[in-house]
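Engineer: As input, take work-v8.cif (mmCIF, C-alpha atoms):
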```cif
data_input
#
loop_
_atom_site.label_atom_id
_atom_site.label_comp_id
_atom_site.auth_asym_id
_atom_site.auth_seq_id
_atom_site.Cartn_x
_atom_site.Cartn_y
_atom_site.Cartn_z
CA MET A 1 87.30 104.75 90.77
CA LEU A 2 84.49 103.44 92.92
CA VAL A 3 82.24 105.99 94.60
CA ASN A 4 81.68 105.69 98.30
CA ASN A 5 77.94 105.56 98.86
CA SER A 6 78.36 103.83 102.17
CA TYR A 7 78.93 104.81 105.76
CA TYR A 8 81.75 102.25 105.93
CA PRO A 9 85.15 103.87 106.34
CA LEU A 10 86.70 105.31 103.20
CA PRO A 11 90.35 106.40 103.50
CA MET A 12 90.75 110.09 102.76
CA SER A 13 93.80 112.17 101.97
CA ALA A 14 94.53 115.66 103.20
CA ASN A 15 92.60 117.25 100.32
CA GLY A 16 89.48 115.26 101.13
CA HIS A 17 89.73 112.91 98.17
CA PRO A 18 90.44 109.16 98.24
CA PRO A 19 94.20 108.66 97.90
CA SER A 20 95.50 107.00 94.77
CA SER A 21 97.49 103.81 94.88
CA PRO A 22 101.18 104.10 95.73
CA PRO A 23 103.50 104.41 92.73
CA PRO A 24 104.51 101.24 90.89
CA PHE A 25 107.26 99.22 92.46
CA ASN A 26 109.63 96.53 91.35
CA PRO A 27 108.40 92.91 91.50
CA PRO A 28 109.43 91.03 94.63
CA PHE A 29 112.77 89.30 94.59
CA ARG A 30 112.53 85.72 93.41
CA LEU A 31 115.26 83.13 93.24
CA CYS A 32 115.16 82.41 89.53
CA HIS A 33 117.17 82.92 86.39
CA SER A 34 117.03 85.71 83.85
CA VAL A 35 113.91 86.12 81.76
CA GLN A 36 115.58 85.77 78.35
CA PRO A 37 116.14 82.23 77.05
CA SER A 38 119.09 81.46 74.79
CA LEU A 39 119.51 78.90 72.02
CA GLU A 40 123.06 77.66 72.49
CA ASN A 41 125.37 74.71 72.76
CA ALA A 42 124.42 72.70 75.86
CA SER A 43 128.02 72.88 77.08
CA VAL A 44 128.80 76.50 76.29
CA THR A 45 129.24 79.18 78.93
CA MET A 46 126.18 81.18 80.02
CA ASP A 47 128.18 84.28 80.82
CA GLU A 48 131.84 85.01 80.64
CA GLY A 49 133.59 82.82 83.18
CA GLU A 50 130.38 80.99 84.23
CA THR A 51 129.55 77.48 83.03
CA VAL A 52 126.10 76.00 82.74
CA GLY A 53 126.91 73.33 85.25
CA GLU A 54 129.63 70.98 86.29
CA THR A 55 127.52 67.81 86.23
CA LEU A 56 126.10 66.28 83.08
CA PRO A 57 122.45 67.12 82.42
CA ILE A 58 119.87 64.38 82.79
CA ARG A 59 116.88 63.64 80.60
CA HIS A 60 113.42 64.10 82.04
CA SER A 61 111.86 60.70 82.57
CA ASP A 62 108.51 61.60 81.00
CA LEU A 63 109.06 64.62 78.77
CA TRP A 64 111.61 63.14 76.41
CA PHE A 65 110.05 62.20 73.07
CA SER A 66 112.27 60.29 70.68
CA ASP A 67 110.75 62.09 67.69
CA GLY A 68 111.01 65.53 69.31
CA SER A 69 112.60 68.33 67.30
CA ILE A 70 113.96 70.63 70.04
CA VAL A 71 115.73 70.04 73.35
CA LEU A 72 114.99 72.42 76.20
CA ARG A 73 117.39 72.70 79.09
CA ALA A 74 116.25 74.08 82.45
CA GLU A 75 118.81 73.93 85.25
CA ASN A 76 120.28 70.45 84.87
CA THR A 77 117.31 68.77 83.19
CA LEU A 78 116.76 68.16 79.46
CA PHE A 79 113.34 68.01 77.79
CA ARG A 80 112.89 66.81 74.21
CA VAL A 81 109.66 68.08 72.72
CA HIS A 82 108.23 69.25 69.40
CA LYS A 83 108.73 72.70 68.00
CA SER A 84 105.26 72.59 66.48
CA LEU A 85 103.69 72.06 69.93
CA LEU A 86 105.54 74.99 71.46
CA ALA A 87 104.88 77.25 68.47
CA ARG A 88 101.16 76.40 68.48
CA HIS A 89 100.60 77.37 72.10
CA SER A 90 103.23 80.04 72.70
CA GLY A 91 103.58 83.31 70.84
CA PHE A 92 107.17 83.57 72.00
CA PHE A 93 108.22 80.17 70.64
CA HIS A 94 106.23 80.73 67.46
CA ASP A 95 108.30 83.81 66.71
CA LEU A 96 111.51 82.17 67.87
CA PHE A 97 111.11 79.25 65.47
CA THR A 98 109.72 81.17 62.47
CA LEU A 99 111.52 84.50 62.30
CA PRO A 100 114.78 84.02 60.37
CA LYS A 101 116.76 86.57 62.35
CA LEU A 102 116.11 84.70 65.60
CA VAL A 103 117.33 81.31 64.37
CA ALA A 104 120.10 82.29 61.99
CA LYS A 105 123.63 81.48 63.13
CA ASP A 106 125.50 84.52 64.32
CA SER A 107 129.21 83.93 64.76
CA SER A 108 129.75 87.23 66.56
CA PRO A 109 126.80 88.10 68.80
CA PRO A 110 127.10 91.33 70.81
CA PRO A 111 129.11 90.77 74.02
CA GLY A 112 127.07 90.16 77.14
CA THR A 113 123.78 89.54 75.29
CA LYS A 114 121.66 86.39 75.39
CA THR A 115 120.09 86.71 71.95
CA PRO A 116 118.99 83.23 70.79
CA SER A 117 121.48 81.68 68.39
CA VAL A 118 122.16 78.21 66.94
CA ASP A 119 125.38 76.24 67.26
CA LEU A 120 125.03 72.95 65.43
CA SER A 121 128.09 71.52 67.13
CA GLY A 122 126.14 71.47 70.36
CA ASP A 123 123.16 69.43 69.12
CA VAL A 124 121.76 66.58 71.21
CA GLU A 125 120.82 63.65 68.96
CA GLY A 126 120.47 66.10 66.09
CA CYS A 127 118.24 68.54 68.00
CA GLN A 128 119.13 72.10 68.82
CA VAL A 129 119.40 72.95 72.53
CA LEU A 130 117.42 75.85 73.96
CA ILE A 131 118.57 76.94 77.38
CA LEU A 132 115.74 78.28 79.56
CA TYR A 133 116.56 80.28 82.65
CA ASP A 134 113.67 78.87 84.67
CA SER A 135 113.35 76.16 87.29
CA ALA A 136 113.19 72.62 85.93
CA GLU A 137 110.06 71.95 87.98
CA ASP A 138 108.18 74.90 86.47
CA VAL A 139 109.24 73.96 82.94
CA ALA A 140 108.13 70.37 83.50
CA ASN A 141 104.74 71.50 84.75
CA LEU A 142 104.34 73.89 81.82
CA LEU A 143 105.24 71.24 79.22
CA THR A 144 102.96 68.67 80.86
CA ALA A 145 100.08 71.13 80.68
CA LEU A 146 100.82 71.80 77.00
CA VAL A 147 101.18 68.12 76.07
CA ASP A 148 98.40 66.56 78.16
CA GLY A 149 96.26 69.60 78.89
CA PRO A 150 96.08 71.31 82.29
CA ASN A 151 95.00 69.07 85.15
CA PHE A 152 94.66 71.41 88.10
CA GLY A 153 93.87 70.30 91.64
CA LYS A 154 91.73 71.81 94.39
CA ASN A 155 93.62 75.05 94.99
CA ASP A 156 95.42 73.79 98.08
CA PRO A 157 99.04 74.79 98.78
CA THR A 158 100.45 71.88 96.75
CA ASP A 159 98.27 72.70 93.77
CA PHE A 160 99.21 76.36 94.03
CA GLN A 161 102.89 75.48 93.74
CA VAL A 162 102.17 73.81 90.39
CA VAL A 163 99.68 76.33 89.01
CA SER A 164 101.73 79.37 89.99
CA GLY A 165 104.74 78.00 88.11
CA ILE A 166 102.62 77.30 85.04
CA LEU A 167 101.10 80.78 85.22
CA ARG A 168 104.50 82.47 85.47
CA LEU A 169 105.86 80.68 82.42
CA ALA A 170 102.62 80.93 80.45
CA THR A 171 102.81 84.69 81.00
CA LYS A 172 106.50 84.86 80.20
CA TYR A 173 106.27 82.83 76.99
CA LEU A 174 102.92 84.29 75.83
CA ALA A 175 100.92 81.08 76.13
CA ASP A 176 97.71 83.06 76.48
CA THR A 177 95.19 80.20 76.47
CA LEU A 178 97.02 78.35 79.21
CA ARG A 179 97.43 81.57 81.18
CA ASP A 180 93.68 82.21 81.04
CA LYS A 181 92.95 78.68 82.27
CA ALA A 182 95.38 79.01 85.15
CA LEU A 183 93.89 82.37 86.16
CA SER A 184 90.35 80.97 85.99
CA HIS A 185 91.40 78.12 88.26
CA LEU A 186 93.05 80.43 90.79
CA GLY A 187 89.97 82.65 90.61
CA LEU A 188 87.93 79.89 92.27
CA ALA A 189 89.99 80.30 95.44
CA TRP A 190 90.67 84.01 95.05
CA PRO A 191 87.47 85.33 93.45
CA SER A 192 86.50 88.84 92.46
CA THR A 193 82.81 88.39 93.32
CA LEU A 194 81.02 88.07 96.64
CA LYS A 195 79.25 84.94 95.41
CA GLY A 196 82.61 83.38 94.61
CA TRP A 197 83.97 84.38 98.02
CA ASP A 198 81.05 82.73 99.80
CA ALA A 199 81.58 79.52 97.80
CA ARG A 200 85.27 79.58 98.72
CA GLU A 201 84.50 80.02 102.41
CA ASP A 202 81.91 77.24 102.35
CA ILE A 203 84.60 74.85 101.12
CA ALA A 204 87.05 75.99 103.80
CA ARG A 205 84.49 75.62 106.60
CA ALA A 206 83.46 72.19 105.37
CA GLU A 207 87.07 71.02 105.43
CA GLU A 208 87.57 72.51 108.91
CA LEU A 209 84.48 70.68 110.13
CA GLN A 210 85.60 67.42 108.57
CA ALA A 211 89.10 67.74 110.03
CA GLY A 212 87.75 68.87 113.40
CA SER A 213 90.19 71.76 113.55
CA SER A 214 90.37 75.33 112.30
CA ALA A 215 94.16 75.00 111.94
CA ILE A 216 93.85 73.12 108.65
CA ARG A 217 95.25 75.08 105.70
CA THR A 218 92.77 74.79 102.83
CA TYR A 219 94.35 77.47 100.66
CA PRO A 220 97.93 78.72 100.17
CA THR A 221 99.25 81.74 102.00
CA PRO A 222 97.74 84.96 100.64
CA ILE A 223 101.21 86.50 100.74
CA ALA A 224 102.27 84.19 97.91
CA VAL A 225 99.09 84.95 95.97
CA ILE A 226 99.62 88.71 96.23
CA ASN A 227 103.20 88.42 95.03
CA LEU A 228 102.15 86.13 92.18
CA ALA A 229 99.41 88.54 91.11
CA ARG A 230 101.95 91.36 91.01
CA GLU A 231 104.44 89.28 89.06
CA VAL A 232 102.03 88.14 86.33
CA ASN A 233 99.82 91.26 86.30
CA ALA A 234 96.66 89.57 87.60
CA PRO A 235 94.93 92.28 89.68
CA ALA A 236 91.68 90.29 89.86
CA LEU A 237 93.31 88.04 92.49
CA LEU A 238 94.29 90.89 94.79
CA THR A 239 91.00 91.76 96.46
CA SER A 240 90.41 88.31 97.94
CA ALA A 241 94.08 87.83 98.77
CA PHE A 242 94.42 91.12 100.66
CA TYR A 243 91.12 90.59 102.47
CA ASP A 244 92.11 87.06 103.45
CA LEU A 245 95.48 88.25 104.76
CA SER A 246 93.81 91.04 106.74
CA ARG A 247 91.92 88.43 108.74
CA TYR A 248 95.19 87.34 110.34
CA HIS A 249 96.36 89.22 113.41
CA PHE A 250 99.64 91.07 112.94
CA ALA A 251 101.26 88.68 115.41
CA GLN A 252 100.34 85.86 113.04
CA ILE A 253 101.43 87.71 109.91
CA PHE A 254 104.90 88.39 111.30
CA ASP A 255 105.25 85.01 113.00
CA TYR A 256 107.21 82.62 110.82
CA ASP A 257 105.21 79.69 112.17
CA SER A 258 101.94 81.02 110.75
CA PHE A 259 102.84 80.49 107.09
CA ASP A 260 105.01 78.05 105.22
CA GLU A 261 108.61 78.96 104.49
CA SER A 262 107.90 80.04 100.91
CA ALA A 263 105.91 83.05 102.14
CA TRP A 264 109.00 84.49 103.81
CA ARG A 265 111.32 83.94 100.87
CA CYS A 266 109.17 86.48 99.03
CA PRO A 267 107.64 88.82 101.62
CA LEU A 268 105.27 91.61 100.67
CA SER A 269 106.77 94.70 99.12
CA PRO A 270 106.78 97.83 101.31
CA ALA A 271 103.95 99.30 99.21
CA ASP A 272 101.77 96.22 99.66
CA MET A 273 102.58 96.04 103.36
CA GLN A 274 101.32 99.60 103.62
CA ARG A 275 98.15 98.64 101.77
CA LEU A 276 97.66 95.74 104.15
CA ALA A 277 98.03 97.89 107.27
CA LEU A 278 95.62 100.54 106.01
CA GLY A 279 93.10 98.01 104.75
CA LYS A 280 93.24 95.98 107.92
CA GLU A 281 92.47 99.09 109.96
CA ALA A 282 89.50 99.92 107.73
CA SER A 283 88.25 96.34 108.01
CA GLN A 284 88.35 96.53 111.80
CA HIS A 285 86.38 99.76 111.74
CA ALA A 286 83.83 98.06 109.50
CA VAL A 287 83.05 95.47 112.20
CA THR A 288 82.25 98.24 114.68
CA THR A 289 80.21 100.10 112.08
CA LEU A 290 78.33 96.92 111.24
CA ILE A 291 77.23 96.31 114.83
CA ARG A 292 76.15 99.93 115.16
CA SER A 293 74.19 99.56 111.94
CA MET A 294 72.36 96.61 113.40
CA GLY A 295 71.42 98.69 116.42
CA SER A 296 70.02 101.30 114.05
CA LEU A 297 68.05 98.59 112.29
CA ALA A 298 66.49 97.55 115.58
CA HIS A 299 65.44 101.13 116.34
CA SER A 300 64.04 101.47 112.83
CA LEU A 301 61.93 98.34 113.19
CA HIS A 302 60.63 99.28 116.61
CA GLY A 303 59.97 102.88 115.74
CA HIS A 304 58.37 102.15 112.36
CA PRO A 305 56.73 98.76 112.54
CA GLN A 306 55.15 99.12 109.12
CA GLY A 307 58.60 99.44 107.55
CA TYR A 308 59.34 95.74 107.35
CA HIS A 309 56.23 94.05 108.75
CA SER A 310 53.27 92.92 106.74
CA GLN A 311 49.74 93.96 107.71
CA SER A 312 49.37 90.76 109.73
CA HIS A 313 52.54 91.61 111.70
CA SER A 314 52.05 95.34 112.13
CA HIS A 315 52.70 95.12 115.82
CA VAL A 316 56.15 94.60 117.25
CA HIS A 317 56.59 91.57 119.46
CA ARG A 318 58.36 92.04 122.76
CA THR A 319 60.48 89.00 121.92
CA CYS A 320 61.73 90.66 118.73
CA LYS A 321 62.76 93.79 120.57
CA ARG A 322 64.51 91.80 123.25
CA ASP A 323 66.27 89.62 120.70
CA PHE A 324 67.62 92.55 118.71
CA SER A 325 68.94 94.23 121.84
CA GLU A 326 70.52 91.01 123.04
CA LEU A 327 72.05 90.31 119.64
CA VAL A 328 73.69 93.74 119.47
CA ALA A 329 75.04 93.33 123.02
CA LEU A 330 76.28 89.80 122.34
CA ALA A 331 77.92 90.83 119.06
CA THR A 332 79.68 93.70 120.80
CA GLN A 333 80.98 91.39 123.50
CA HIS A 334 81.87 88.56 121.15
CA TYR A 335 83.64 90.47 118.37
CA LEU A 336 84.82 93.75 119.89
CA PHE A 337 85.74 92.76 123.44
CA ASP A 338 86.45 89.02 123.40
CA HIS A 339 87.91 89.01 119.87
CA GLU A 340 86.37 85.64 119.14
CA ARG A 341 86.29 83.82 115.81
CA GLY A 342 85.47 86.23 112.98
CA CYS A 343 86.42 89.42 114.83
CA THR A 344 88.73 90.43 111.96
CA ASP A 345 86.29 89.38 109.23
CA PRO A 346 83.42 91.85 108.69
CA LEU A 347 81.88 89.75 105.91
CA TYR A 348 81.68 86.83 108.31
CA VAL A 349 80.24 89.01 111.07
CA ALA A 350 77.52 90.36 108.78
CA GLU A 351 76.63 86.85 107.63
CA GLU A 352 76.38 85.56 111.18
CA LEU A 353 74.34 88.50 112.44
CA GLY A 354 71.87 87.84 109.65
CA GLN A 355 71.15 84.33 110.93
CA PRO A 356 67.99 84.69 113.05
CA LEU A 357 68.19 81.26 114.65
CA TYR A 358 71.66 81.59 116.12
CA ASP A 359 73.28 83.24 119.08
CA LEU A 360 76.72 84.23 120.28
CA GLY A 361 79.00 82.67 122.83
CA GLN A 362 77.18 79.37 123.31
CA PRO A 363 78.49 75.79 123.03
CA VAL A 364 78.96 74.51 119.49
CA SER A 365 77.31 71.42 118.10
CA GLY A 366 78.48 69.80 114.89
CA GLU A 367 75.57 70.86 112.70
CA ASP A 368 75.73 74.45 113.95
CA TYR A 369 79.50 74.91 113.63
CA GLY A 370 80.64 78.46 112.95
CA HIS A 371 77.37 80.33 113.40
CA LEU A 372 77.81 83.08 115.97
CA GLY A 373 79.30 80.65 118.39
CA GLY A 374 77.02 77.89 117.27
CA SER A 375 73.91 77.09 119.29
CA ARG A 376 70.31 77.69 118.31
CA ARG A 377 68.21 80.13 120.24
CA GLY A 378 65.34 78.92 122.28
CA VAL A 379 61.92 78.99 120.70
CA GLU A 380 60.88 81.74 123.04
CA GLN A 381 63.67 83.95 121.64
CA ALA A 382 63.01 83.36 117.95
CA GLU A 383 62.15 86.49 116.03
CA CYS A 384 58.87 86.73 114.18
CA GLN A 385 59.12 85.99 110.46
CA ALA A 386 58.95 89.65 109.47
CA CYS A 387 61.86 90.62 111.75
CA ALA A 388 63.82 87.58 110.64
CA ARG A 389 63.36 88.57 107.01
CA ALA A 390 64.39 92.14 107.77
CA LEU A 391 67.52 90.88 109.48
CA MET A 392 68.40 88.68 106.51
CA LEU A 393 67.86 91.51 104.01
CA TRP A 394 69.95 93.84 106.15
CA SER A 395 72.78 91.30 106.29
CA THR A 396 72.73 90.76 102.51
CA ARG A 397 72.73 94.48 101.81
CA GLU A 398 75.59 95.21 104.22
CA ARG A 399 77.75 92.39 102.87
CA GLU A 400 77.30 93.59 99.29
CA ARG A 401 78.14 97.13 100.37
CA MET A 402 81.27 96.05 102.18
CA TRP A 403 82.44 93.87 99.30
CA LYS A 404 82.38 96.89 97.01
CA MET A 405 84.41 98.83 99.56
CA ILE A 406 87.24 96.31 99.96
CA PRO A 407 89.34 97.55 97.00
CA LEU A 408 89.16 101.04 98.46
CA TRP A 409 90.18 99.83 101.90
CA PHE A 410 93.37 98.35 100.44
CA ARG A 411 93.98 101.06 97.79
CA LEU A 412 93.69 98.54 94.97
CA ASP A 413 93.29 99.48 91.33
CA VAL A 414 91.31 96.48 90.11
CA GLY A 415 89.24 98.12 87.39
CA THR A 416 85.62 97.03 87.20
CA PHE A 417 84.74 95.23 90.40
CA GLU A 418 81.91 92.71 90.49
CA THR A 419 79.55 91.72 93.27
#
```
Kindly transcribe the structure held in the file into structure tokens.
Structural biologist:
Amino acid sequence: MLVNNSYYPLPMSANGHPPSSPPPFNPPFRLCHSVQPSLENASVTMDEGETVGETLPIRHSDLWFSDGSIVLRAENTLFRVHKSLLARHSGFFHDLFTLPKLVAKDSSPPPGTKTPSVDLSGDVEGCQVLILYDSAEDVANLLTALVDGPNFGKNDPTDFQVVSGILRLATKYLADTLRDKALSHLGLAWPSTLKGWDAREDIARAEELQAGSSAIRTYPTPIAVINLAREVNAPALLTSAFYDLSRYHFAQIFDYDSFDESAWRCPLSPADMQRLALGKEASQHAVTTLIRSMGSLAHSLHGHPQGYHSQSHSHVHRTCKRDFSELVALATQHYLFDHERGCTDPLYVAEELGQPLYDLGQPVSGEDYGHLGGSRRGVEQAECQACARALMLWSTRERERMWKMIPLWFRLDVGTFET
């Protein structure tokens, strides 16, 4: 458990100790088949009284190899691939194809079970048929990644649809190498380090600037990422996902127009919704605390000029004092009263307050997009170099402190957390 060495808000329980995470909960409901695959005749019944499908299955146009040794069926699509390929990359298929008890014919399997079994009368071109209870799209993406190697995109919503399916099946079928690659790719958009978060935000801001609109959706909905992380046991994705979701206003979170339809097919569990509400409240308090901290920094500089100034700058310029006071007042107005861009994002606020050449609430030019409202201060308002350096160091320190606090804000058990 992280120790709170910060004045940023730390949720406390009645006994004075940080509360533990809520008890485990069931994974979110997902429209998919059962987890257990079954090696059966392609035309046999899946369960008593239920047929696999009324229409004839079709072969996948790309993943049908004439020399393949096993046929996989997902929904109404057939894939012919090589057992050796599946066994090499998947611990599940390795055991399925090598352990005698799993492939031996059993004429009387226990009723209601889906234990893999072979029925030679149901072969397709001499190949056994393995029925997978997964979506055909996910199976196709998994097999393509195994055959050709993973070719991930740029972590946009379309890419997430592909990678999330691969990650689910790689986890399910114990394809550990592919799972690690998929998690590393998702980690670029949902990092566990502050450095990674800043790189992610730089990409998003660059795309917003290029598109000329902040409405562009660079990354998928964090709701889907949280649910995926729960489903595949990937807690490293949770910190960024919860923090990103907390930047939305509640009106946006509960408005169906804010996210794509997939987010509402699998909404957050009650436990994670509770985490979101508590973490969002702590994040809002952090913005207020941050602005107060900056006011304390100004008093510290003015009361102890030797603290940050070199011998050549031992005196405090009137301009510096005026600028700090104005910056605190402008930040208060901009973020706390006007609720302008960044008001729900304390990391963004700290970054912007640490920029000595920028001001709040002024017209935005292209090259200055996103910085405290955008425009440069006049030369007469520029801080001296010593004060500017102090401001930058303060901003860096506060952002690192807040980043370490985020898992506590959202009651996340993420193990060792990096900065």
Engineer: Restricting the calculation to only C-alpha atoms, which member of A:Leu353, A:Ile70, A:Val163, A:Leu238 is positioned closest to Ile131 of chain A?
Structural biologist: A:Ile70
Engineer: Which residue, A:Ile406, A:Asp272, A:Lys154, A:Leu174, has the smallest gap to Leu96 of chain A when you use only C-alpha atoms?
Structural biologist: A:Leu174
Engineer: Which of these residues is nearest to Ile253 of chain A, using all atoms listed in the file: A:Ala277, A:Ala234, A:Thr55, A:Phe152?
Structural biologist: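 Answer, going by the shortest atom-to-atom distance: A:Ala277.
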Engineer: If the PyMOL selection byres ((chain A and resi 159) around 12) were run on this exact file, what residues would it hold? Put them as a list in words.
Structural biologist: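 With the shown file as input, the PyMOL selection byres ((chain A and resi 159) around 12) matches Asn141, Pro150, Asn151, Phe152, Gly153, Lys154, Asn155, Asp156, Pro157, Thr158, Phe160, Gln161, Val162, Val163, Ser164, Gly165, Ile166, Ala182, His185, Leu186, Ala189, Thr218, Tyr219 and Pro220 of chain A.
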Engineer: Can I get the selected residues back with C-alpha atoms, as an mmCIF file, in the frame of the given file?
Structural biologist:
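Written file, part13.cif:
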```cif
data_model
loop_
_atom_site.group_PDB
_atom_site.id
_atom_site.type_symbol
_atom_site.label_atom_id
_atom_site.label_comp_id
_atom_site.auth_asym_id
_atom_site.auth_seq_id
_atom_site.Cartn_x
_atom_site.Cartn_y
_atom_site.Cartn_z
ATOM 1 C CA ASN A 141 104.740 71.500 84.750
ATOM 2 C CA PRO A 150 96.080 71.310 82.290
ATOM 3 C CA ASN A 151 95.000 69.070 85.150
ATOM 4 C CA PHE A 152 94.660 71.410 88.100
ATOM 5 C CA GLY A 153 93.870 70.300 91.640
ATOM 6 C CA LYS A 154 91.730 71.810 94.390
ATOM 7 C CA ASN A 155 93.620 75.050 94.990
ATOM 8 C CA ASP A 156 95.420 73.790 98.080
ATOM 9 C CA PRO A 157 99.040 74.790 98.780
ATOM 10 C CA THR A 158 100.450 71.880 96.750
ATOM 11 C CA PHE A 160 99.210 76.360 94.030
ATOM 12 C CA GLN A 161 102.890 75.480 93.740
ATOM 13 C CA VAL A 162 102.170 73.810 90.390
ATOM 14 C CA VAL A 163 99.680 76.330 89.010
ATOM 15 C CA SER A 164 101.730 79.370 89.990
ATOM 16 C CA GLY A 165 104.740 78.000 88.110
ATOM 17 C CA ILE A 166 102.620 77.300 85.040
ATOM 18 C CA ALA A 182 95.380 79.010 85.150
ATOM 19 C CA HIS A 185 91.400 78.120 88.260
ATOM 20 C CA LEU A 186 93.050 80.430 90.790
ATOM 21 C CA ALA A 189 89.990 80.300 95.440
ATOM 22 C CA THR A 218 92.770 74.790 102.830
ATOM 23 C CA TYR A 219 94.350 77.470 100.660
ATOM 24 C CA PRO A 220 97.930 78.720 100.170
#
```
Engineer: Quick one: distance from atom CA of Leu408 of chain A to atom CA of Ala199 of chain A in Å, one decimal?
Structural biologist: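 Result for atom CA of Leu408 of chain A versus atom CA of Ala199 of chain A: 22.8 Å, one decimal.
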Engineer: Evaluate the PyMOL selection byres ((chain A and resi 273) around 12) against this structure - the residues, as a list in words, please.
Structural biologist: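 Checking the PyMOL selection byres ((chain A and resi 273) around 12) against this file, the residues are Pro22, Ile223, Ile226, Asn227, Phe242, Leu245, Ser246, Phe250, Ile253, Phe254, Pro267, Leu268, Ser269, Pro270, Ala271, Asp272, Gln274, Arg275, Leu276, Ala277, Leu278, Gly279, Lys280, Phe410 and Arg411 of chain A.
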Engineer: Would you put the residues from that selection into a file with C-alpha atoms, as a PDB file, in the coordinates of the input?
Structural biologist:
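Output saved as again.pdb:
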```pdb
ATOM      1  CA  PRO A  22     101.180 104.100  95.730  1.00  0.00           C
ATOM      2  CA  ILE A 223     101.210  86.500 100.740  1.00  0.00           C
ATOM      3  CA  ILE A 226      99.620  88.710  96.230  1.00  0.00           C
ATOM      4  CA  ASN A 227     103.200  88.420  95.030  1.00  0.00           C
ATOM      5  CA  PHE A 242      94.420  91.120 100.660  1.00  0.00           C
ATOM      6  CA  LEU A 245      95.480  88.250 104.760  1.00  0.00           C
ATOM      7  CA  SER A 246      93.810  91.040 106.740  1.00  0.00           C
ATOM      8  CA  PHE A 250      99.640  91.070 112.940  1.00  0.00           C
ATOM      9  CA  ILE A 253     101.430  87.710 109.910  1.00  0.00           C
ATOM     10  CA  PHE A 254     104.900  88.390 111.300  1.00  0.00           C
ATOM     11  CA  PRO A 267     107.640  88.820 101.620  1.00  0.00           C
ATOM     12  CA  LEU A 268     105.270  91.610 100.670  1.00  0.00           C
ATOM     13  CA  SER A 269     106.770  94.700  99.120  1.00  0.00           C
ATOM     14  CA  PRO A 270     106.780  97.830 101.310  1.00  0.00           C
ATOM     15  CA  ALA A 271     103.950  99.300  99.210  1.00  0.00           C
ATOM     16  CA  ASP A 272     101.770  96.220  99.660  1.00  0.00           C
ATOM     17  CA  GLN A 274     101.320  99.600 103.620  1.00  0.00           C
ATOM     18  CA  ARG A 275      98.150  98.640 101.770  1.00  0.00           C
ATOM     19  CA  LEU A 276      97.660  95.740 104.150  1.00  0.00           C
ATOM     20  CA  ALA A 277      98.030  97.890 107.270  1.00  0.00           C
ATOM     21  CA  LEU A 278      95.620 100.540 106.010  1.00  0.00           C
ATOM     22  CA  GLY A 279      93.100  98.010 104.750  1.00  0.00           C
ATOM     23  CA  LYS A 280      93.240  95.980 107.920  1.00  0.00           C
ATOM     24  CA  PHE A 410      93.370  98.350 100.440  1.00  0.00           C
ATOM     25  CA  ARG A 411      93.980 101.060  97.790  1.00  0.00           C
TER      26      ARG A 411
END
```
Engineer: Kindly give the distance, in Å, that separates atom CA of Tyr133 of chain A and atom CA of Leu72 of chain A, rounded to a single decimal.
Structural biologist: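 Going from atom CA of Tyr133 of chain A over to atom CA of Leu72 of chain A covers 10.3 Å.
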Engineer: Would you work out the distance separating atom CA of Asp176 of chain A from atom CA of Ser61 of chain A, expressed in Å to one decimal?
Structural biologist: 27.2 Å
Engineer: Residues near Ala175 of chain A, anyone? I mean within 9 Å using all atoms listed in the file, not counting same-chain ones fewer than 6 positions away, as JSON, numbers by chain.
Structural biologist: {"A": [86, 88, 89, 90, 91, 92, 169]}
Engineer: Just say which residues the PyMOL selection byres ((chain A and resi 64) around 8) picks in this file, as an MDAnalysis selection string.
Structural biologist: chainID A and resid 59:63 65:66 68 78:81
Engineer: Which residue gives the smallest distance to Thr171 of chain A among A:Val287, A:Cys127, A:Leu142, A:Ala390, with all atoms listed in the file counted?
Structural biologist: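 Closest to Thr171 of chain A, using all atoms listed in the file: A:Leu142.
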Engineer: From the set A:Ile58, A:Leu99, A:Met402, A:Ile203, which residue has the shortest atom-to-atom contact distance to Val124 of chain A, counting all atoms listed in the file?
Structural biologist: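 So, comparing all the options, the nearest one is A:Ile58.
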